[in-house]
>>> print(open('protein_9.cif').read())   # mmCIF, C-alpha atoms, pLDDT in the B column; chains and numbers go by the auth columns
data_start
loop_
_atom_site.group_PDB
_atom_site.id
_atom_site.type_symbol
_atom_site.label_atom_id
_atom_site.label_comp_id
_atom_site.label_asym_id
_atom_site.label_seq_id
_atom_site.Cartn_x
_atom_site.Cartn_y
_atom_site.Cartn_z
_atom_site.B_iso_or_equiv
_atom_site.auth_seq_id
_atom_site.auth_asym_id
ATOM 1 C CA MET A 1 -12.493 9.854 12.774 39.00 1 A
ATOM 2 C CA GLU A 2 -8.772 9.220 12.872 44.00 2 A
ATOM 3 C CA LEU A 3 -7.247 6.982 10.229 49.00 3 A
ATOM 4 C CA ARG A 4 -5.133 4.171 11.559 56.00 4 A
ATOM 5 C CA LYS A 5 -1.759 3.528 10.037 76.00 5 A
ATOM 6 C CA ASN A 6 -2.057 1.042 7.219 91.00 6 A
ATOM 7 C CA LYS A 7 0.304 -1.891 6.878 95.00 7 A
ATOM 8 C CA LEU A 8 1.450 -1.165 3.330 96.00 8 A
ATOM 9 C CA GLN A 9 4.937 -0.055 4.332 95.00 9 A
ATOM 10 C CA ASP A 10 5.432 -3.114 6.564 95.00 10 A
ATOM 11 C CA CYS A 11 4.348 -5.483 3.790 96.00 11 A
ATOM 12 C CA ARG A 12 6.490 -3.674 1.223 96.00 12 A
ATOM 13 C CA LYS A 13 9.595 -3.921 3.395 97.00 13 A
ATOM 14 C CA LYS A 14 8.973 -7.605 4.202 96.00 14 A
ATOM 15 C CA ALA A 15 8.770 -8.234 0.449 97.00 15 A
ATOM 16 C CA TYR A 16 12.050 -6.301 -0.082 98.00 16 A
ATOM 17 C CA LEU A 17 10.350 -3.895 -2.484 98.00 17 A
ATOM 18 C CA SER A 18 11.292 -0.249 -2.873 98.00 18 A
ATOM 19 C CA GLN A 19 8.547 2.326 -3.138 98.00 19 A
ATOM 20 C CA GLU A 20 9.523 2.744 -6.791 98.00 20 A
ATOM 21 C CA LYS A 21 9.293 -1.002 -7.544 98.00 21 A
ATOM 22 C CA LEU A 22 5.931 -1.332 -5.797 98.00 22 A
ATOM 23 C CA ALA A 23 4.644 1.695 -7.717 98.00 23 A
ATOM 24 C CA GLU A 24 5.699 0.044 -10.989 98.00 24 A
ATOM 25 C CA LYS A 25 3.959 -3.204 -10.078 98.00 25 A
ATOM 26 C CA ALA A 26 0.787 -1.366 -9.052 98.00 26 A
ATOM 27 C CA GLY A 27 0.798 0.991 -12.028 98.00 27 A
ATOM 28 C CA VAL A 28 0.976 4.169 -9.957 98.00 28 A
ATOM 29 C CA THR A 29 3.603 6.775 -9.119 98.00 29 A
ATOM 30 C CA ARG A 30 6.067 6.527 -6.262 98.00 30 A
ATOM 31 C CA GLN A 31 4.395 9.619 -4.788 98.00 31 A
ATOM 32 C CA THR A 32 1.104 7.690 -4.603 98.00 32 A
ATOM 33 C CA ILE A 33 2.789 4.907 -2.612 97.00 33 A
ATOM 34 C CA ILE A 34 4.385 7.483 -0.288 97.00 34 A
ATOM 35 C CA SER A 35 1.000 9.152 0.254 96.00 35 A
ATOM 36 C CA ILE A 36 -0.752 5.854 0.990 95.00 36 A
ATOM 37 C CA GLU A 37 1.958 4.743 3.420 95.00 37 A
ATOM 38 C CA SER A 38 1.713 8.030 5.309 92.00 38 A
ATOM 39 C CA SER A 39 -2.122 7.821 5.360 89.00 39 A
ATOM 40 C CA ARG A 40 -2.453 11.082 3.412 93.00 40 A
ATOM 41 C CA TYR A 41 -4.229 9.269 0.576 92.00 41 A
ATOM 42 C CA VAL A 42 -6.817 6.497 0.722 92.00 42 A
ATOM 43 C CA PRO A 43 -6.489 4.257 -2.336 95.00 43 A
ATOM 44 C CA SER A 44 -9.420 3.446 -4.573 95.00 44 A
ATOM 45 C CA LEU A 45 -10.935 0.009 -4.217 95.00 45 A
ATOM 46 C CA GLN A 46 -9.314 -1.006 -7.503 97.00 46 A
ATOM 47 C CA LEU A 47 -5.854 0.040 -6.278 98.00 47 A
ATOM 48 C CA ALA A 48 -6.395 -1.557 -2.861 96.00 48 A
ATOM 49 C CA LEU A 49 -7.326 -4.838 -4.562 97.00 49 A
ATOM 50 C CA LYS A 50 -4.275 -4.608 -6.822 98.00 50 A
ATOM 51 C CA LEU A 51 -1.977 -4.033 -3.830 98.00 51 A
ATOM 52 C CA ALA A 52 -3.524 -6.965 -1.959 97.00 52 A
ATOM 53 C CA LYS A 53 -2.946 -9.163 -5.005 98.00 53 A
ATOM 54 C CA ILE A 54 0.709 -8.084 -5.190 97.00 54 A
ATOM 55 C CA PHE A 55 1.209 -9.084 -1.542 97.00 55 A
ATOM 56 C CA LYS A 56 -1.038 -12.172 -1.790 97.00 56 A
ATOM 57 C CA CYS A 57 -3.204 -11.023 1.095 96.00 57 A
ATOM 58 C CA ARG A 58 -6.650 -9.590 1.745 95.00 58 A
ATOM 59 C CA VAL A 59 -7.394 -5.876 1.454 95.00 59 A
ATOM 60 C CA GLU A 60 -8.333 -5.989 5.146 93.00 60 A
ATOM 61 C CA ASP A 61 -4.783 -7.158 5.939 93.00 61 A
ATOM 62 C CA LEU A 62 -3.410 -3.941 4.433 94.00 62 A
ATOM 63 C CA PHE A 63 -6.038 -1.348 5.325 91.00 63 A
ATOM 64 C CA SER A 64 -8.561 -0.779 8.075 82.00 64 A
ATOM 65 C CA LEU A 65 -10.914 2.024 9.093 69.00 65 A
#
>>> encode(input="protein_9.cif", output="structure tokens")
Amino acid sequence: MELRKNKLQDCRKKAYLSQEKLAEKAGVTRQTIISIESSRYVPSLQLALKLAKIFKCRVEDLFSL
């Protein structure tokens, strides 16, 4: 099954956040954000919920199968 591109990078750019700033807000490393944006890493449910809260959206708005 191929992973679709998630919308994390789009949301981050619309919010004028750098990868570093988003990583700080989410409590992860910049490398984690890079890996999620490039679909090399699937975030845990806890991290996905935290990212959705940061962007005031649903997890489904950021990620899909």
>>> residues_around(input="protein_9.cif", residues="region 19-25 of chain A", least_positions_apart="6", cutoff="9 Å", atoms="all atoms listed in the file", output="MDAnalysis selection string")
chainID A and resid 9 12 31:34 50:51 54
>>> residues_around(input="protein_9.cif", residues="Val59 (chain A)", least_positions_apart="5", cutoff="12 Å", atoms="all atoms listed in the file", output="PDB file with C-alpha atoms, in the coordinates of the input")
ATOM      1  CA  ASN A   6      -2.057   1.042   7.219  1.00 91.00           C
ATOM      2  CA  LYS A   7       0.304  -1.891   6.878  1.00 95.00           C
ATOM      3  CA  LEU A   8       1.450  -1.165   3.330  1.00 96.00           C
ATOM      4  CA  CYS A  11       4.348  -5.483   3.790  1.00 96.00           C
ATOM      5  CA  PRO A  43      -6.489   4.257  -2.336  1.00 95.00           C
ATOM      6  CA  SER A  44      -9.420   3.446  -4.573  1.00 95.00           C
ATOM      7  CA  LEU A  45     -10.935   0.009  -4.217  1.00 95.00           C
ATOM      8  CA  GLN A  46      -9.314  -1.006  -7.503  1.00 97.00           C
ATOM      9  CA  LEU A  47      -5.854   0.040  -6.278  1.00 98.00           C
ATOM     10  CA  ALA A  48      -6.395  -1.557  -2.861  1.00 96.00           C
ATOM     11  CA  LEU A  49      -7.326  -4.838  -4.562  1.00 97.00           C
ATOM     12  CA  LYS A  50      -4.275  -4.608  -6.822  1.00 98.00           C
ATOM     13  CA  LEU A  51      -1.977  -4.033  -3.830  1.00 98.00           C
ATOM     14  CA  ALA A  52      -3.524  -6.965  -1.959  1.00 97.00           C
ATOM     15  CA  LYS A  53      -2.946  -9.163  -5.005  1.00 98.00           C
ATOM     16  CA  ILE A  54       0.709  -8.084  -5.190  1.00 97.00           C
ATOM     17  CA  SER A  64      -8.561  -0.779   8.075  1.00 82.00           C
ATOM     18  CA  LEU A  65     -10.914   2.024   9.093  1.00 69.00           C
TER      19      LEU A  65
END
>>> atom_distance(input="protein_9.cif", atom1="CA of Arg40 (chain A)", atom2="CA of Lys14 (chain A)")
21.9 Å
>>> atom_distance(input="protein_9.cif", atom1="CA of Lys5 (chain A)", atom2="CA of Glu60 (chain A)")
12.6 Å
>>> decode(input="protein_9.cif", residues="region 10-33 of chain A", atoms="N, CA, C and O atoms", output="tab-separated table (two decimals), in the first residue's frame")
chain	number	residue	atom	x	y	z
A	10	ASP	N	2.05	21.61	4.04
A	10	ASP	CA	1.15	22.67	3.59
A	10	ASP	C	0.61	23.47	4.77
A	10	ASP	O	0.60	24.71	4.73
A	11	CYS	N	0.17	22.79	5.80
A	11	CYS	CA	-0.37	23.47	6.98
A	11	CYS	C	0.70	24.29	7.68
A	11	CYS	O	0.45	25.41	8.12
A	12	ARG	N	1.90	23.72	7.77
A	12	ARG	CA	3.01	24.43	8.42
A	12	ARG	C	3.34	25.72	7.68
A	12	ARG	O	3.51	26.78	8.30
A	13	LYS	N	3.39	25.65	6.37
A	13	LYS	CA	3.72	26.84	5.58
A	13	LYS	C	2.61	27.89	5.66
A	13	LYS	O	2.89	29.09	5.74
A	14	LYS	N	1.35	27.44	5.64
A	14	LYS	CA	0.23	28.39	5.76
A	14	LYS	C	0.24	29.11	7.11
A	14	LYS	O	-0.20	30.24	7.22
A	15	ALA	N	0.77	28.42	8.13
A	15	ALA	CA	0.86	29.00	9.47
A	15	ALA	C	2.16	29.78	9.66
A	15	ALA	O	2.43	30.28	10.76
A	16	TYR	N	2.98	29.88	8.61
A	16	TYR	CA	4.26	30.59	8.66
A	16	TYR	C	5.16	30.05	9.77
A	16	TYR	O	5.81	30.81	10.48
A	17	LEU	N	5.20	28.72	9.89
A	17	LEU	CA	6.06	28.08	10.88
A	17	LEU	C	7.22	27.39	10.18
A	17	LEU	O	7.03	26.74	9.16
A	18	SER	N	8.41	27.54	10.74
A	18	SER	CA	9.55	26.77	10.22
A	18	SER	C	9.45	25.36	10.77
A	18	SER	O	8.70	25.09	11.72
A	19	GLN	N	10.22	24.46	10.18
A	19	GLN	CA	10.24	23.09	10.69
A	19	GLN	C	10.74	23.10	12.14
A	19	GLN	O	10.23	22.36	12.98
A	20	GLU	N	11.71	23.93	12.42
A	20	GLU	CA	12.28	24.04	13.76
A	20	GLU	C	11.23	24.51	14.77
A	20	GLU	O	11.09	23.95	15.86
A	21	LYS	N	10.47	25.55	14.41
A	21	LYS	CA	9.45	26.10	15.32
A	21	LYS	C	8.33	25.09	15.55
A	21	LYS	O	7.87	24.93	16.68
A	22	LEU	N	7.91	24.40	14.51
A	22	LEU	CA	6.87	23.39	14.67
A	22	LEU	C	7.38	22.25	15.56
A	22	LEU	O	6.65	21.76	16.44
A	23	ALA	N	8.63	21.86	15.37
A	23	ALA	CA	9.22	20.80	16.20
A	23	ALA	C	9.21	21.21	17.66
A	23	ALA	O	8.86	20.42	18.54
A	24	GLU	N	9.56	22.46	17.94
A	24	GLU	CA	9.54	22.97	19.32
A	24	GLU	C	8.14	22.89	19.91
A	24	GLU	O	7.95	22.42	21.03
A	25	LYS	N	7.16	23.35	19.15
A	25	LYS	CA	5.77	23.34	19.63
A	25	LYS	C	5.27	21.92	19.89
A	25	LYS	O	4.51	21.69	20.82
A	26	ALA	N	5.70	20.98	19.04
A	26	ALA	CA	5.24	19.60	19.15
A	26	ALA	C	6.08	18.77	20.12
A	26	ALA	O	5.71	17.64	20.45
A	27	GLY	N	7.22	19.31	20.54
A	27	GLY	CA	8.08	18.57	21.45
A	27	GLY	C	8.86	17.45	20.80
A	27	GLY	O	9.12	16.42	21.42
A	28	VAL	N	9.21	17.64	19.53
A	28	VAL	CA	9.99	16.65	18.80
A	28	VAL	C	11.18	17.35	18.14
A	28	VAL	O	11.32	18.56	18.23
A	29	THR	N	12.00	16.58	17.44
A	29	THR	CA	13.14	17.17	16.74
A	29	THR	C	12.72	17.65	15.35
A	29	THR	O	11.71	17.20	14.80
A	30	ARG	N	13.53	18.53	14.80
A	30	ARG	CA	13.29	19.00	13.43
A	30	ARG	C	13.35	17.82	12.46
A	30	ARG	O	12.58	17.76	11.50
A	31	GLN	N	14.24	16.88	12.73
A	31	GLN	CA	14.37	15.70	11.87
A	31	GLN	C	13.07	14.90	11.83
A	31	GLN	O	12.70	14.35	10.79
A	32	THR	N	12.36	14.84	12.96
A	32	THR	CA	11.08	14.13	13.00
A	32	THR	C	10.07	14.82	12.08
A	32	THR	O	9.37	14.15	11.32
A	33	ILE	N	10.02	16.14	12.12
A	33	ILE	CA	9.11	16.89	11.25
A	33	ILE	C	9.47	16.65	9.78
A	33	ILE	O	8.59	16.40	8.95
